[in-house]
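Pasting start_30.cif here (mmCIF, C-alpha atoms):
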```cif
data_entry
loop_
_atom_site.label_atom_id
_atom_site.label_comp_id
_atom_site.auth_asym_id
_atom_site.auth_seq_id
_atom_site.Cartn_x
_atom_site.Cartn_y
_atom_site.Cartn_z
CA MET A 14 0.00 0.00 0.00
CA VAL A 15 2.82 2.42 0.87
CA LYS A 16 4.56 1.68 -2.44
CA ILE A 17 1.32 2.29 -4.33
CA LYS A 18 0.81 5.64 -2.58
CA MET A 19 4.37 6.68 -3.34
CA PHE A 20 3.93 5.66 -6.99
CA LEU A 21 0.71 7.67 -7.29
CA PHE A 22 2.33 10.67 -5.60
CA THR A 23 5.25 10.49 -8.04
CA ILE A 24 2.88 10.36 -11.03
CA LEU A 25 0.94 13.34 -9.64
CA LEU A 26 4.11 15.33 -9.11
CA LEU A 27 5.36 14.58 -12.64
CA ALA A 28 1.99 15.64 -14.05
CA TRP A 29 2.14 18.90 -12.08
CA ASN A 30 5.65 19.65 -13.28
CA ALA A 31 4.68 18.90 -16.88
CA SER A 32 1.61 21.14 -16.63
CA PHE A 33 3.63 23.95 -15.14
CA SER A 34 6.55 23.78 -17.55
CA GLN A 35 4.28 23.51 -20.61
CA SER A 36 1.92 26.32 -19.56
CA SER A 37 2.90 29.83 -20.53
CA LYS A 38 -0.10 31.10 -18.56
CA VAL A 39 -0.77 30.18 -14.96
CA ASN A 40 -3.21 32.02 -12.75
CA PHE A 41 -4.72 31.91 -9.29
CA GLU A 42 -8.51 31.98 -8.96
CA THR A 43 -10.02 33.14 -5.67
CA ILE A 44 -12.32 30.42 -4.39
CA LYS A 45 -13.40 31.76 -1.03
CA THR A 46 -12.63 34.45 1.53
CA PHE A 47 -13.04 34.17 5.30
CA GLU A 48 -13.51 37.02 7.77
CA THR A 49 -11.37 36.51 10.88
CA LYS A 50 -10.76 38.26 14.17
CA GLU A 51 -7.22 39.08 13.08
CA ALA A 52 -5.07 38.06 10.10
CA HIS A 53 -2.02 40.28 10.01
CA GLN A 54 1.19 38.33 9.44
CA GLY A 55 0.95 34.78 8.15
CA ILE A 56 -1.20 31.74 7.55
CA ALA A 57 -0.91 27.98 8.09
CA VAL A 58 -3.29 25.23 7.00
CA ASP A 59 -3.89 21.52 7.56
CA ALA A 60 -6.61 19.06 6.55
CA ASN A 61 -9.32 20.60 8.73
CA TYR A 62 -8.25 24.05 9.90
CA PHE A 63 -6.42 27.20 8.98
CA TYR A 64 -4.39 29.23 11.46
CA THR A 65 -3.93 32.99 11.33
CA ILE A 66 -0.53 34.14 12.58
CA ASN A 67 -0.44 37.57 14.18
CA SER A 68 2.34 39.56 15.82
CA ARG A 69 1.78 38.03 19.25
CA GLY A 70 -0.95 35.46 18.75
CA ILE A 71 -2.55 32.66 16.75
CA GLY A 72 -6.15 32.07 15.65
CA LYS A 73 -7.59 28.68 14.68
CA TYR A 74 -10.56 28.39 12.30
CA ASP A 75 -12.59 25.65 10.65
CA LYS A 76 -11.34 25.40 7.06
CA ASN A 77 -14.75 24.80 5.50
CA SER A 78 -17.03 27.14 7.41
CA GLY A 79 -14.53 29.71 8.65
CA GLU A 80 -15.89 29.27 12.17
CA PHE A 81 -13.58 30.51 14.91
CA ILE A 82 -12.34 27.61 17.06
CA SER A 83 -9.78 28.97 19.52
CA ASP A 84 -6.80 31.27 19.88
CA TRP A 85 -3.54 31.75 21.72
CA THR A 86 -2.12 35.08 22.83
CA ASP A 87 1.24 35.63 24.48
CA ASP A 88 0.97 36.86 28.05
CA SER A 89 4.63 36.31 28.92
CA ASN A 90 6.09 39.33 27.08
CA GLN A 91 8.60 36.95 25.48
CA ILE A 92 7.01 37.04 22.02
CA ILE A 93 7.84 40.13 19.99
CA HIS A 94 6.95 39.48 16.36
CA PHE A 95 5.45 36.31 14.88
CA ASP A 96 5.45 36.05 11.09
CA GLY A 97 4.85 32.81 9.15
CA GLY A 98 3.52 29.41 10.14
CA VAL A 99 3.41 25.82 8.90
CA VAL A 100 1.72 22.67 10.20
CA ILE A 101 3.81 19.50 10.22
CA ASN A 102 2.04 16.43 11.62
CA GLU A 103 0.60 17.46 15.00
CA LYS A 104 2.69 20.61 15.44
CA LEU A 105 2.30 24.20 14.34
CA TYR A 106 5.66 25.89 13.73
CA VAL A 107 5.63 29.70 13.93
CA THR A 108 8.54 31.92 12.91
CA HIS A 109 9.51 34.61 15.38
CA SER A 110 11.91 37.55 15.51
CA ASN A 111 12.57 40.65 17.56
CA TYR A 112 11.57 42.92 14.63
CA PRO A 113 12.15 45.88 14.59
CA GLY A 114 14.88 45.32 17.17
CA ILE A 115 18.60 45.47 16.40
CA PRO A 116 20.57 43.24 16.40
CA MET A 117 18.07 40.96 14.70
CA THR A 118 17.34 37.73 16.56
CA SER A 119 15.17 34.81 15.51
CA SER A 120 13.52 31.63 16.72
CA ILE A 121 10.87 29.12 15.77
CA GLU A 122 8.12 28.62 18.34
CA ILE A 123 6.32 25.28 18.29
CA PHE A 124 2.72 24.63 19.33
CA ASN A 125 0.44 21.65 19.66
CA LYS A 126 -1.92 22.26 16.74
CA ASN A 127 -4.89 20.74 18.58
CA THR A 128 -4.66 22.71 21.81
CA LEU A 129 -2.45 25.64 20.68
CA ASN A 130 -0.33 25.05 23.75
CA HIS A 131 3.28 26.15 23.35
CA ILE A 132 5.47 23.03 23.60
CA GLU A 133 8.94 23.73 22.16
CA THR A 134 11.31 26.41 20.89
CA HIS A 135 14.34 26.58 18.63
CA SER A 136 16.54 29.69 18.70
CA PHE A 137 18.75 30.85 15.83
CA GLY A 138 20.26 33.70 17.88
CA ILE A 139 21.64 36.61 15.84
CA ARG A 140 23.44 34.61 13.17
CA TYR A 141 21.12 34.91 10.16
CA GLY A 142 18.69 37.83 10.35
CA SER A 143 14.96 38.21 10.95
CA CYS A 144 13.09 34.90 10.49
CA THR A 145 9.97 35.50 8.39
CA TRP A 146 8.83 32.04 7.20
CA ALA A 147 9.70 28.36 7.37
CA ASP A 148 8.57 25.26 5.51
CA PHE A 149 9.36 21.54 5.71
CA TYR A 150 9.85 19.96 2.29
CA ASN A 151 11.71 16.90 0.98
CA ASN A 152 12.72 16.05 4.54
CA PHE A 153 14.50 19.39 5.08
CA TRP A 154 13.65 22.67 6.77
CA TRP A 155 13.71 25.75 4.55
CA VAL A 156 13.87 29.00 6.50
CA CYS A 157 13.93 32.58 5.23
CA PHE A 158 15.88 35.26 7.10
CA ALA A 159 15.03 38.79 6.08
CA HIS A 160 17.12 41.95 5.96
CA TYR A 161 15.66 45.40 5.43
CA ASP A 162 16.76 48.58 3.69
CA LYS A 163 15.65 50.75 6.61
CA PHE A 164 18.19 49.12 8.94
CA LYS A 165 21.13 49.63 6.57
CA ASN A 166 22.93 52.11 8.83
CA GLU A 167 22.56 49.90 11.90
CA THR A 168 23.35 46.51 10.32
CA ASN A 169 25.50 47.42 7.32
CA THR A 170 23.14 45.23 5.23
CA ASN A 171 20.02 45.80 3.14
CA SER A 172 17.23 43.68 1.65
CA SER A 173 19.64 42.03 -0.81
CA TRP A 174 21.09 40.10 2.16
CA THR A 175 17.81 38.22 2.63
CA THR A 176 18.70 34.52 2.70
CA LEU A 177 17.01 31.15 2.29
CA VAL A 178 18.72 28.55 4.50
CA LYS A 179 18.27 24.78 4.20
CA PHE A 180 18.53 22.77 7.43
CA ASP A 181 18.26 19.07 8.14
CA LYS A 182 15.67 17.73 10.60
CA ASN A 183 18.00 18.51 13.50
CA TRP A 184 18.50 22.14 12.43
CA LYS A 185 22.00 21.57 11.09
CA GLU A 186 22.67 24.03 8.27
CA LYS A 187 23.22 22.40 4.87
CA GLU A 188 23.10 25.15 2.20
CA SER A 189 21.86 28.70 1.61
CA TRP A 190 20.86 31.00 -1.25
CA ILE A 191 19.99 34.64 -1.86
CA PHE A 192 17.11 35.99 -3.96
CA PRO A 193 17.34 37.17 -7.59
CA GLU A 194 17.58 40.91 -8.22
CA ASN A 195 14.24 41.24 -10.04
CA VAL A 196 12.44 39.68 -7.08
CA LEU A 197 14.37 41.74 -4.53
CA SER A 198 13.34 44.90 -6.38
CA GLU A 199 9.71 43.91 -5.75
CA PHE A 200 10.42 43.27 -2.06
CA LYS A 201 12.14 46.62 -1.43
CA PRO A 202 12.32 48.37 0.94
CA MET A 203 11.04 45.46 3.02
CA SER A 204 11.82 41.80 2.35
CA CYS A 205 10.45 38.30 1.69
CA SER A 206 7.45 37.84 3.98
CA GLY A 207 6.03 34.48 2.90
CA GLY A 208 7.10 31.23 1.30
CA SER A 209 5.74 27.75 0.69
CA TRP A 210 6.88 24.86 -1.48
CA GLY A 211 4.24 24.11 -4.12
CA PRO A 212 2.95 20.73 -5.27
CA ASP A 213 4.87 21.24 -8.53
CA GLY A 214 8.21 21.26 -6.73
CA ASN A 215 8.65 25.03 -7.09
CA LEU A 216 9.08 27.54 -4.28
CA TYR A 217 6.40 30.24 -4.10
CA VAL A 218 7.31 33.44 -2.22
CA THR A 219 5.67 36.76 -1.42
CA GLY A 220 6.77 40.22 -0.39
CA HIS A 221 5.45 42.52 2.28
CA ASP A 222 2.59 44.25 0.46
CA SER A 223 2.37 43.14 -3.17
CA ALA A 224 -0.46 41.14 -4.79
CA LYS A 225 2.07 38.87 -6.49
CA VAL A 226 3.61 35.46 -5.94
CA PHE A 227 7.11 34.82 -7.26
CA VAL A 228 7.94 31.29 -8.39
CA LEU A 229 11.53 30.19 -7.76
CA GLN A 230 13.70 27.11 -8.02
CA ILE A 231 16.97 25.93 -6.51
CA PRO A 232 19.64 26.73 -9.14
CA GLU A 233 21.67 24.06 -10.91
CA MET A 234 24.78 26.10 -10.06
CA GLY A 235 25.62 29.12 -7.96
CA SER A 236 24.00 30.65 -4.90
CA VAL A 237 21.15 32.75 -6.34
CA LEU A 238 17.66 31.27 -6.48
CA LYS A 239 16.38 30.81 -10.04
CA TYR A 240 13.45 32.99 -11.08
CA VAL A 241 10.68 31.18 -12.99
CA LYS A 242 7.67 33.49 -13.20
CA THR A 243 5.37 35.93 -11.39
CA ILE A 244 1.69 35.17 -10.76
CA LYS A 245 -0.92 37.61 -9.45
CA LEU A 246 -2.75 36.57 -6.30
CA GLU A 247 -5.61 38.44 -4.65
CA ILE A 248 -3.76 39.14 -1.42
CA PHE A 249 -1.48 41.96 -0.32
CA GLY A 250 1.78 40.32 0.60
CA GLN A 251 2.53 38.66 3.94
CA GLY A 252 2.41 34.89 4.45
CA ILE A 253 1.13 32.13 2.17
CA ALA A 254 0.59 28.40 2.63
CA TRP A 255 -0.08 25.64 0.13
CA ASP A 256 -2.76 23.24 1.33
CA ARG A 257 -1.06 19.83 1.21
CA SER A 258 -4.32 18.02 1.86
CA ASP A 259 -5.94 19.70 -1.17
CA ARG A 260 -3.01 20.28 -3.45
CA LYS A 261 -4.26 22.83 -5.96
CA HIS A 262 -5.18 25.36 -3.28
CA ILE A 263 -3.13 28.06 -1.61
CA TYR A 264 -4.05 30.31 1.32
CA GLY A 265 -3.05 33.94 1.89
CA ILE A 266 -4.29 36.98 3.77
CA ILE A 267 -5.42 40.57 3.27
CA ARG A 268 -4.29 42.12 6.50
CA LYS A 269 -6.13 45.46 6.29
CA ASN A 270 -9.47 43.60 6.27
CA ASN A 271 -8.45 40.60 8.40
CA LEU A 272 -9.35 38.30 5.51
CA VAL A 273 -8.08 34.83 4.72
CA VAL A 274 -8.13 34.08 1.00
CA LYS A 275 -8.35 30.58 -0.46
CA SER A 276 -7.24 30.37 -4.11
CA LYS A 277 -6.89 27.70 -6.75
CA ILE A 278 -4.07 27.44 -9.28
CA ASN A 279 -5.11 27.00 -12.91
CA PHE A 280 -2.99 26.03 -15.90
CA LYS A 281 -4.05 27.35 -19.31
#
```

Encoded form using structure tokens:
Amino acid sequence: MVKIKMFLFTILLLAWNASFSQSSKVNFETIKTFETKEAHQGIAVDANYFYTINSRGIGKYDKNSGEFISDWTDDSNQIIHFDGGVVINEKLYVTHSNYPGIPMTSSIEIFNKNTLNHIETHSFGIRYGSCTWADFYNNFWWVCFAHYDKFKNETNTNSSWTTLVKFDKNWKEKESWIFPENVLSEFKPMSCSGGSWGPDGNLYVTGHDSAKVFVLQIPEMGSVLKYVKTIKLEIFGQGIAWDRSDRKHIYGIIRKNNLVVKSKINFK
């Protein structure tokens, strides 16, 4: 049974890649929007729920009805700035930084997805930058660390220093890449706010306030991510999350209206 499932998954992935590579036109179609109490930073999704990630809290909602289920809010004064989120098995992983503090520090805070109780933490310290999103794909962690133009005088860096770092399951660094110039120009003066590996094997990323998704790949050579294409999405930047239980759908947010947006990818 396991071998059959793996075979079917491989066929599906090959079909996705063929559709993507052969399609000059790809678009996202908005399927549904959900009003939430707060949707300001990021979004995570699993088979039954979506989770809004806010600066110091998390909201959990029924994925079909949009009904509010529960929330978690920091009352310890240890959380400064949540950003992106991803659900892996029974855990919700939320990226965290001390933004807009200098020097930039980062961690990943880990919650039980059922109860929203905080259960673990992993700190990156000040080594990389401001952690904005993380995803688990192909048995590796992929974590984005942002840099910002407005902190250039304090850090001696700007948004072009934004880095994607690949870690193994034990958080040992394996490789890292920077973003292509044409994508960085769209991020400026902020940085990469969202990212999620798509069912086609491509990396989809977003900026801080643009209604666009940038499709990237790991390069065959060098240390700059390979640009593939740009697709409009009816959001305004911030976090995104592919629904891995319903593979043609992606979730995003419109922060000014506290909306969660469910969209479908179409190949023409």

Query raised in the report: So which residues touch range 71-74 of chain A within 10 Å, counting all atoms listed in the file, skipping near sequence neighbours fewer than 3 positions away, as a PyMOL selection string?
Result: chain A and resi 47+49-52+54-58+61-68+77-87+95+98+107+124+126-129

Requested in this report: Output the residue selection produced by the PyMOL selection byres ((chain A and resi 109) around 6) on the file above, formatted as a VMD selection string.
Outcome: chain A and resid 94 to 95 108 110 119 to 121

What's around range 245-250 of chain A at 7 Å? Count only C-alpha atoms, leave out sequence neighbours fewer than 5 positions away in its own chain, and write the answer as a PDB file with C-alpha atoms, in the frame of the given file.
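Printed below is result.pdb as written:
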```pdb
ATOM      1  CA  ASN A  40      -3.210  32.020 -12.750  1.00  0.00           C
ATOM      2  CA  PHE A  41      -4.720  31.910  -9.290  1.00  0.00           C
ATOM      3  CA  THR A  43     -10.020  33.140  -5.670  1.00  0.00           C
ATOM      4  CA  THR A 219       5.670  36.760  -1.420  1.00  0.00           C
ATOM      5  CA  GLY A 220       6.770  40.220  -0.390  1.00  0.00           C
ATOM      6  CA  HIS A 221       5.450  42.520   2.280  1.00  0.00           C
ATOM      7  CA  ASP A 222       2.590  44.250   0.460  1.00  0.00           C
ATOM      8  CA  SER A 223       2.370  43.140  -3.170  1.00  0.00           C
ATOM      9  CA  ALA A 224      -0.460  41.140  -4.790  1.00  0.00           C
ATOM     10  CA  LYS A 225       2.070  38.870  -6.490  1.00  0.00           C
ATOM     11  CA  VAL A 226       3.610  35.460  -5.940  1.00  0.00           C
ATOM     12  CA  GLY A 265      -3.050  33.940   1.890  1.00  0.00           C
ATOM     13  CA  ILE A 266      -4.290  36.980   3.770  1.00  0.00           C
ATOM     14  CA  ILE A 267      -5.420  40.570   3.270  1.00  0.00           C
TER      15      ILE A 267
END
```

Query raised in the report: Using only C-alpha atoms, which residue out of A:Ser172, A:Pro212, A:Gly97, A:Leu272 lies closest to Ser258 in chain A?
Result: A:Pro212

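You will find CA of Leu105 in chain A at 18.7 Å from CA of Asp88 in chain A.
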
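Against the coordinates shown, the PyMOL selection byres ((chain A and resi 143) around 9) returns His109, Ser110, Asn111, Tyr112, Pro113, Met117, Thr118, Ser119, Ser120, Ile139, Tyr141, Gly142, Cys144, Thr145, Cys157, Phe158, Ala159, His160 and Thr175 of chain A.
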